[in-house]
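Data block below; observations after.
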Amino acid sequence: MRTHPVRTVCLLLLSCLLCPWSARAAEAPWAIVLGQDAKRPAVTKLLAEQKKARAFAWVKPAKGFPKLVASKALPGLPEGQHVLLLGVCGTKEEAQAARALVRPMVPEASVQQLTGPTALACPAPNALKAELPADAKAQGSFAFPDAPGLELTVHRVAPIPALACPTTDLWLRVVQGNAVLARHVMKGQCAGACTPQEQEAAKARVASLQAKARQGDSTAELMLKNVSVDCQARQTHFKTVLTELGQPVAVVAQEPAMSSRMPDVGMLVGPGCGKLIVSPYLSGETGKEDLSKAQAKADAEGQEGWRAFSVFVPGPDPTAVAERRHLGHFVWIAPKCEWVTDDEEGQDM
């Protein structure tokens, strides 16, 4: 039976269209490897350590993962190894995106292409239900080195409900695309006389102090300098991001809650244990420093510089170590998921 010419052409076109998809389907999958060793107990210990460090807080593995497998169970893995596997993805891009979710806490994580088919079990982001308000104003977005798609973002957001003074909240988030992995909100607040009753009381107090001051009361004169009848906004300001530590760490300055005459206090906000952690205050009179110029120097080079580092503001000569204004030395305490300061050690930068 003779085939109709039009039908033949259609079949040829369909075959050409399907060829790329067939080739893609035949591509070997990619494994996300968290570690490997010739001895099984070493890998078992590694998994326990990673769980204790909350390394999987931002990732939602498939059921049964992460798991320890013999390398012979998956074609293409090094022979004679016990492998700690986070999952298996269909493409390199998917595997790299999954690896990025654990890379800040597991810098040795890698992706390896297999040489044959296997069941897919690709991890997904463990996203929070935390939508960014429509009126949020972006102040910056900073990529994680060696973790494609992972970013630290900073936004100013109007508080809900609105406050009596024109203040805003500072939102810091870790995101991968539309998935929010961690969030920390530094709320603005109002200080002073912010209600009609408080304003009346403040005016009466000022009048009383003024009367005493006119009579020569020196204490009243001093107290008048710190008394206000206004409702004053207090908020946290984003200054810069330290990029020398293997992951972005934000520098912020918080206005004091009690007095506008007090200097701002500096702090750091950075990832740790699957959250955004706020450091102790930066040392010294940080309110007199331009914290937007702050820099960091890790104790040891590498992707985990954030575990121990010094923060400083450079002097007129940026290369002169002696002119640096030391702001603190920070050490990560893993069991407590926090930074602590050690200024004596930090002086030796």
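Convention: chains lettered A, B, ... in structure tokens order; per-chain residue numbering from 1; ligands numbered from 1 as shown.
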
Exercise: segment 143-157 of chain A partners within 8 Å, only C-alpha atoms, chain neighbours under 3 positions left out, as a PDB file with C-alpha atoms, in the first residue's frame:
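Resulting contents of out_2.pdb:
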ATOM      1  CA  GLN A  96      22.539  22.707  41.554  1.00  0.00           C
ATOM      2  CA  ALA A  97      19.465  24.546  42.845  1.00  0.00           C
ATOM      3  CA  ARG A  99      22.591  21.860  46.459  1.00  0.00           C
ATOM      4  CA  ALA A 100      22.407  25.643  46.965  1.00  0.00           C
ATOM      5  CA  LEU A 101      19.829  25.090  49.720  1.00  0.00           C
ATOM      6  CA  ARG A 103      25.659  24.803  50.580  1.00  0.00           C
ATOM      7  CA  PRO A 104      25.978  27.539  53.266  1.00  0.00           C
ATOM      8  CA  PRO A 133       3.871  43.313  51.057  1.00  0.00           C
ATOM      9  CA  ASP A 135       4.407  48.420  49.099  1.00  0.00           C
ATOM     10  CA  ALA A 136       7.780  47.033  50.250  1.00  0.00           C
ATOM     11  CA  LYS A 137      10.753  49.084  49.070  1.00  0.00           C
ATOM     12  CA  ALA A 138      13.838  47.100  48.071  1.00  0.00           C
ATOM     13  CA  GLN A 139      17.153  48.215  49.561  1.00  0.00           C
ATOM     14  CA  GLY A 140      19.373  45.515  48.143  1.00  0.00           C
ATOM     15  CA  THR A 168       9.009  51.522  59.035  1.00  0.00           C
ATOM     16  CA  ASP A 169      10.146  47.941  59.595  1.00  0.00           C
ATOM     17  CA  LEU A 170      13.319  46.438  58.128  1.00  0.00           C
ATOM     18  CA  TRP A 171      12.825  43.004  56.542  1.00  0.00           C
ATOM     19  CA  LEU A 172      15.815  40.764  55.849  1.00  0.00           C
ATOM     20  CA  ARG A 173      15.141  37.527  53.987  1.00  0.00           C
ATOM     21  CA  VAL A 174      16.948  34.587  52.417  1.00  0.00           C
ATOM     22  CA  VAL A 175      15.236  33.623  49.170  1.00  0.00           C
ATOM     23  CA  GLN A 176      15.618  31.295  46.228  1.00  0.00           C
ATOM     24  CA  GLY A 177      13.426  32.608  43.448  1.00  0.00           C
ATOM     25  CA  PHE A 238      20.490  48.957  56.581  1.00  0.00           C
ATOM     26  CA  GLY A 246      31.607  33.090  52.245  1.00  0.00           C
ATOM     27  CA  GLN A 247      28.004  34.235  52.650  1.00  0.00           C
ATOM     28  CA  PRO A 248      26.410  37.701  52.858  1.00  0.00           C
TER      29      PRO A 248
END

- Query: Could you write out, as a list in words, all the residues of segment 63-197 of chain A that DSSP marks as helix (DSSP H, G or I)?
  - Reply: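 Assigned to helix (DSSP H, G or I), within segment 63-197 of chain A: Ser71, Lys72, Ala73, Lys92, Glu93, Glu94, Ala95, Gln96, Ala97, Ala98, Arg99, Ala100, Pro196 and Gln197 of chain A.
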
Take the selection from the previous step and output its residues with all heavy atoms, as an mmCIF file, in the first residue's frame.
data_model
loop_
_atom_site.group_PDB
_atom_site.id
_atom_site.type_symbol
_atom_site.label_atom_id
_atom_site.label_comp_id
_atom_site.auth_asym_id
_atom_site.auth_seq_id
_atom_site.Cartn_x
_atom_site.Cartn_y
_atom_site.Cartn_z
ATOM 1 N N SER A 71 28.022 3.151 46.978
ATOM 2 C CA SER A 71 28.196 3.764 45.663
ATOM 3 C C SER A 71 27.797 2.826 44.527
ATOM 4 O O SER A 71 27.365 3.279 43.462
ATOM 5 C CB SER A 71 29.647 4.222 45.485
ATOM 6 O OG SER A 71 30.545 3.131 45.636
ATOM 7 N N LYS A 72 27.910 1.526 44.752
ATOM 8 C CA LYS A 72 27.547 0.583 43.696
ATOM 9 C C LYS A 72 26.052 0.584 43.407
ATOM 10 O O LYS A 72 25.610 0.071 42.370
ATOM 11 C CB LYS A 72 28.001 -0.828 44.069
ATOM 12 C CG LYS A 72 27.328 -1.385 45.321
ATOM 13 C CD LYS A 72 27.864 -2.768 45.664
ATOM 14 C CE LYS A 72 27.202 -3.330 46.929
ATOM 15 N NZ LYS A 72 27.740 -4.666 47.275
ATOM 16 N N ALA A 73 25.258 1.183 44.303
ATOM 17 C CA ALA A 73 23.812 1.224 44.095
ATOM 18 C C ALA A 73 23.409 2.230 43.026
ATOM 19 O O ALA A 73 22.303 2.153 42.490
ATOM 20 C CB ALA A 73 23.111 1.557 45.411
ATOM 21 N N LYS A 92 20.979 18.930 35.591
ATOM 22 C CA LYS A 92 22.053 19.546 36.369
ATOM 23 C C LYS A 92 21.568 20.816 37.054
ATOM 24 O O LYS A 92 21.931 21.096 38.200
ATOM 25 C CB LYS A 92 23.238 19.865 35.451
ATOM 26 C CG LYS A 92 24.451 20.428 36.177
ATOM 27 C CD LYS A 92 25.602 20.667 35.216
ATOM 28 C CE LYS A 92 26.841 21.183 35.949
ATOM 29 N NZ LYS A 92 27.972 21.420 35.007
ATOM 30 N N GLU A 93 20.729 21.590 36.357
ATOM 31 C CA GLU A 93 20.217 22.838 36.929
ATOM 32 C C GLU A 93 19.390 22.572 38.181
ATOM 33 O O GLU A 93 19.508 23.280 39.190
ATOM 34 C CB GLU A 93 19.378 23.590 35.893
ATOM 35 C CG GLU A 93 20.170 24.166 34.730
ATOM 36 C CD GLU A 93 20.632 23.101 33.740
ATOM 37 O OE1 GLU A 93 20.071 21.977 33.762
ATOM 38 O OE2 GLU A 93 21.560 23.381 32.957
ATOM 39 N N GLU A 94 18.549 21.540 38.139
ATOM 40 C CA GLU A 94 17.739 21.196 39.310
ATOM 41 C C GLU A 94 18.626 20.741 40.466
ATOM 42 O O GLU A 94 18.389 21.095 41.629
ATOM 43 C CB GLU A 94 16.744 20.094 38.948
ATOM 44 C CG GLU A 94 15.648 20.531 37.995
ATOM 45 C CD GLU A 94 14.799 19.363 37.515
ATOM 46 O OE1 GLU A 94 15.270 18.204 37.594
ATOM 47 O OE2 GLU A 94 13.673 19.610 37.054
ATOM 48 N N ALA A 95 19.650 19.961 40.149
ATOM 49 C CA ALA A 95 20.556 19.475 41.190
ATOM 50 C C ALA A 95 21.336 20.619 41.828
ATOM 51 O O ALA A 95 21.526 20.665 43.048
ATOM 52 C CB ALA A 95 21.509 18.436 40.607
ATOM 53 N N GLN A 96 21.795 21.569 41.019
ATOM 54 C CA GLN A 96 22.539 22.707 41.554
ATOM 55 C C GLN A 96 21.650 23.590 42.433
ATOM 56 O O GLN A 96 22.099 24.112 43.454
ATOM 57 C CB GLN A 96 23.142 23.522 40.413
ATOM 58 C CG GLN A 96 24.306 22.830 39.720
ATOM 59 C CD GLN A 96 24.844 23.618 38.543
ATOM 60 O OE1 GLN A 96 24.104 24.347 37.875
ATOM 61 N NE2 GLN A 96 26.131 23.479 38.273
ATOM 62 N N ALA A 97 20.393 23.755 42.031
ATOM 63 C CA ALA A 97 19.465 24.546 42.845
ATOM 64 C C ALA A 97 19.215 23.872 44.188
ATOM 65 O O ALA A 97 19.128 24.535 45.227
ATOM 66 C CB ALA A 97 18.151 24.745 42.095
ATOM 67 N N ALA A 98 19.118 22.544 44.186
ATOM 68 C CA ALA A 98 18.919 21.810 45.441
ATOM 69 C C ALA A 98 20.171 21.884 46.311
ATOM 70 O O ALA A 98 20.084 22.056 47.533
ATOM 71 C CB ALA A 98 18.559 20.362 45.140
ATOM 72 N N ARG A 99 21.345 21.764 45.695
ATOM 73 C CA ARG A 99 22.591 21.860 46.459
ATOM 74 C C ARG A 99 22.729 23.230 47.115
ATOM 75 O O ARG A 99 23.207 23.347 48.250
ATOM 76 C CB ARG A 99 23.789 21.610 45.542
ATOM 77 C CG ARG A 99 25.136 21.738 46.246
ATOM 78 C CD ARG A 99 26.303 21.658 45.294
ATOM 79 N NE ARG A 99 26.296 22.740 44.322
ATOM 80 C CZ ARG A 99 27.261 22.959 43.440
ATOM 81 N NH1 ARG A 99 28.308 22.155 43.403
ATOM 82 N NH2 ARG A 99 27.188 23.957 42.583
ATOM 83 N N ALA A 100 22.294 24.288 46.422
ATOM 84 C CA ALA A 100 22.407 25.643 46.965
ATOM 85 C C ALA A 100 21.671 25.781 48.291
ATOM 86 O O ALA A 100 22.052 26.591 49.138
ATOM 87 C CB ALA A 100 21.864 26.654 45.955
ATOM 88 N N PRO A 196 -2.539 61.364 72.980
ATOM 89 C CA PRO A 196 -2.945 62.652 73.562
ATOM 90 C C PRO A 196 -2.682 62.725 75.068
ATOM 91 O O PRO A 196 -2.240 63.761 75.578
ATOM 92 C CB PRO A 196 -4.442 62.712 73.252
ATOM 93 C CG PRO A 196 -4.592 61.897 72.006
ATOM 94 C CD PRO A 196 -3.612 60.784 72.149
ATOM 95 N N GLN A 197 -2.933 61.638 75.777
ATOM 96 C CA GLN A 197 -2.704 61.628 77.219
ATOM 97 C C GLN A 197 -1.215 61.786 77.541
ATOM 98 O O GLN A 197 -0.835 62.530 78.456
ATOM 99 C CB GLN A 197 -3.239 60.326 77.832
ATOM 100 C CG GLN A 197 -4.747 60.151 77.729
ATOM 101 C CD GLN A 197 -5.187 59.596 76.381
ATOM 102 O OE1 GLN A 197 -4.363 59.373 75.491
ATOM 103 N NE2 GLN A 197 -6.493 59.391 76.243
#

- Which value, in Å to one decimal, gives the distance between atom CA of Thr167 of chain A and atom CA of Ile277 of chain A? 22.9 Å

- Residue neighbourhood segment 58-68 of chain A, 6 Å, only C-alpha atoms, exclusion window fewer than 6 positions, as a list in words: Val83, Leu84, Leu85, Leu86, Leu101, Ala121, Pro123, Ala124, Pro125, Asn126 and Leu181 of chain A

- Task: Go through A:Met186, A:Val180, A:Met223, A:Ala211 one by one, measure the shortest atom-to-atom distance of each to Val252 of chain A using only C-alpha atoms, and give the residue with the smallest value.
- Result: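 Nearest to Val252 of chain A: A:Met186.
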
- Counting only C-alpha atoms, the residue of A:Gln113, A:Thr243, A:Gln235, A:Asn226 that sits nearest Val265 of chain A: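 Selected residue with least distance to Val265 of chain A: A:Gln235.
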
- Task: Please provide as a ChimeraX atom specification all residues within 10 Å of Val106 of chain A, with the sequence filter that same-chain residues fewer than 4 positions apart are discarded (counting only C-alpha atoms).
- Result: /A:34-35,50,53,55-56,99-102,110,303-304

For the residues in that selection, give me N, CA and C atoms as a PDB file, in the first residue's frame.
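Result file follows (out35.pdb):
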ATOM      1  N   LEU A  34      26.319  14.817  49.719  1.00  0.00           N
ATOM      2  CA  LEU A  34      26.664  15.609  50.900  1.00  0.00           C
ATOM      3  C   LEU A  34      27.989  15.189  51.513  1.00  0.00           C
ATOM      4  N   GLY A  35      28.493  14.047  51.123  1.00  0.00           N
ATOM      5  CA  GLY A  35      29.757  13.551  51.651  1.00  0.00           C
ATOM      6  C   GLY A  35      29.915  12.083  51.312  1.00  0.00           C
ATOM      7  N   GLN A  50      25.461  17.003  60.441  1.00  0.00           N
ATOM      8  CA  GLN A  50      24.726  17.932  59.582  1.00  0.00           C
ATOM      9  C   GLN A  50      23.319  18.181  60.108  1.00  0.00           C
ATOM     10  N   ALA A  53      23.518  20.541  63.034  1.00  0.00           N
ATOM     11  CA  ALA A  53      23.781  21.917  62.604  1.00  0.00           C
ATOM     12  C   ALA A  53      22.610  22.523  61.835  1.00  0.00           C
ATOM     13  N   ALA A  55      21.454  21.772  58.958  1.00  0.00           N
ATOM     14  CA  ALA A  55      21.873  22.027  57.581  1.00  0.00           C
ATOM     15  C   ALA A  55      20.738  21.848  56.583  1.00  0.00           C
ATOM     16  N   PHE A  56      19.663  21.166  56.982  1.00  0.00           N
ATOM     17  CA  PHE A  56      18.576  20.873  56.049  1.00  0.00           C
ATOM     18  C   PHE A  56      17.342  21.739  56.299  1.00  0.00           C
ATOM     19  N   ARG A  99      21.345  21.764  45.695  1.00  0.00           N
ATOM     20  CA  ARG A  99      22.591  21.860  46.459  1.00  0.00           C
ATOM     21  C   ARG A  99      22.729  23.230  47.115  1.00  0.00           C
ATOM     22  N   ALA A 100      22.294  24.288  46.422  1.00  0.00           N
ATOM     23  CA  ALA A 100      22.407  25.643  46.965  1.00  0.00           C
ATOM     24  C   ALA A 100      21.671  25.781  48.291  1.00  0.00           C
ATOM     25  N   LEU A 101      20.630  24.992  48.498  1.00  0.00           N
ATOM     26  CA  LEU A 101      19.829  25.090  49.720  1.00  0.00           C
ATOM     27  C   LEU A 101      20.584  24.605  50.952  1.00  0.00           C
ATOM     28  N   VAL A 102      21.625  23.794  50.754  1.00  0.00           N
ATOM     29  CA  VAL A 102      22.407  23.292  51.889  1.00  0.00           C
ATOM     30  C   VAL A 102      23.849  23.792  51.857  1.00  0.00           C
ATOM     31  N   SER A 110      28.193  18.493  46.674  1.00  0.00           N
ATOM     32  CA  SER A 110      28.519  18.521  45.249  1.00  0.00           C
ATOM     33  C   SER A 110      27.409  17.854  44.445  1.00  0.00           C
ATOM     34  N   GLN A 303      35.044  29.232  52.383  1.00  0.00           N
ATOM     35  CA  GLN A 303      33.598  29.426  52.369  1.00  0.00           C
ATOM     36  C   GLN A 303      32.997  29.566  53.760  1.00  0.00           C
ATOM     37  N   GLU A 304      33.751  29.227  54.793  1.00  0.00           N
ATOM     38  CA  GLU A 304      33.209  29.308  56.150  1.00  0.00           C
ATOM     39  C   GLU A 304      33.880  30.412  56.965  1.00  0.00           C
TER      40      GLU A 304
END

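Secondary structure of segment 97-150 of chain A, strand (DSSP E) only (DSSP, backbone atoms): Ser110, Val111, Gln112, Gln113, Ala124, Pro125, Lys137, Ala138, Gln139, Gly140, Ser141, Phe142, Ala143 and Leu150 of chain A.
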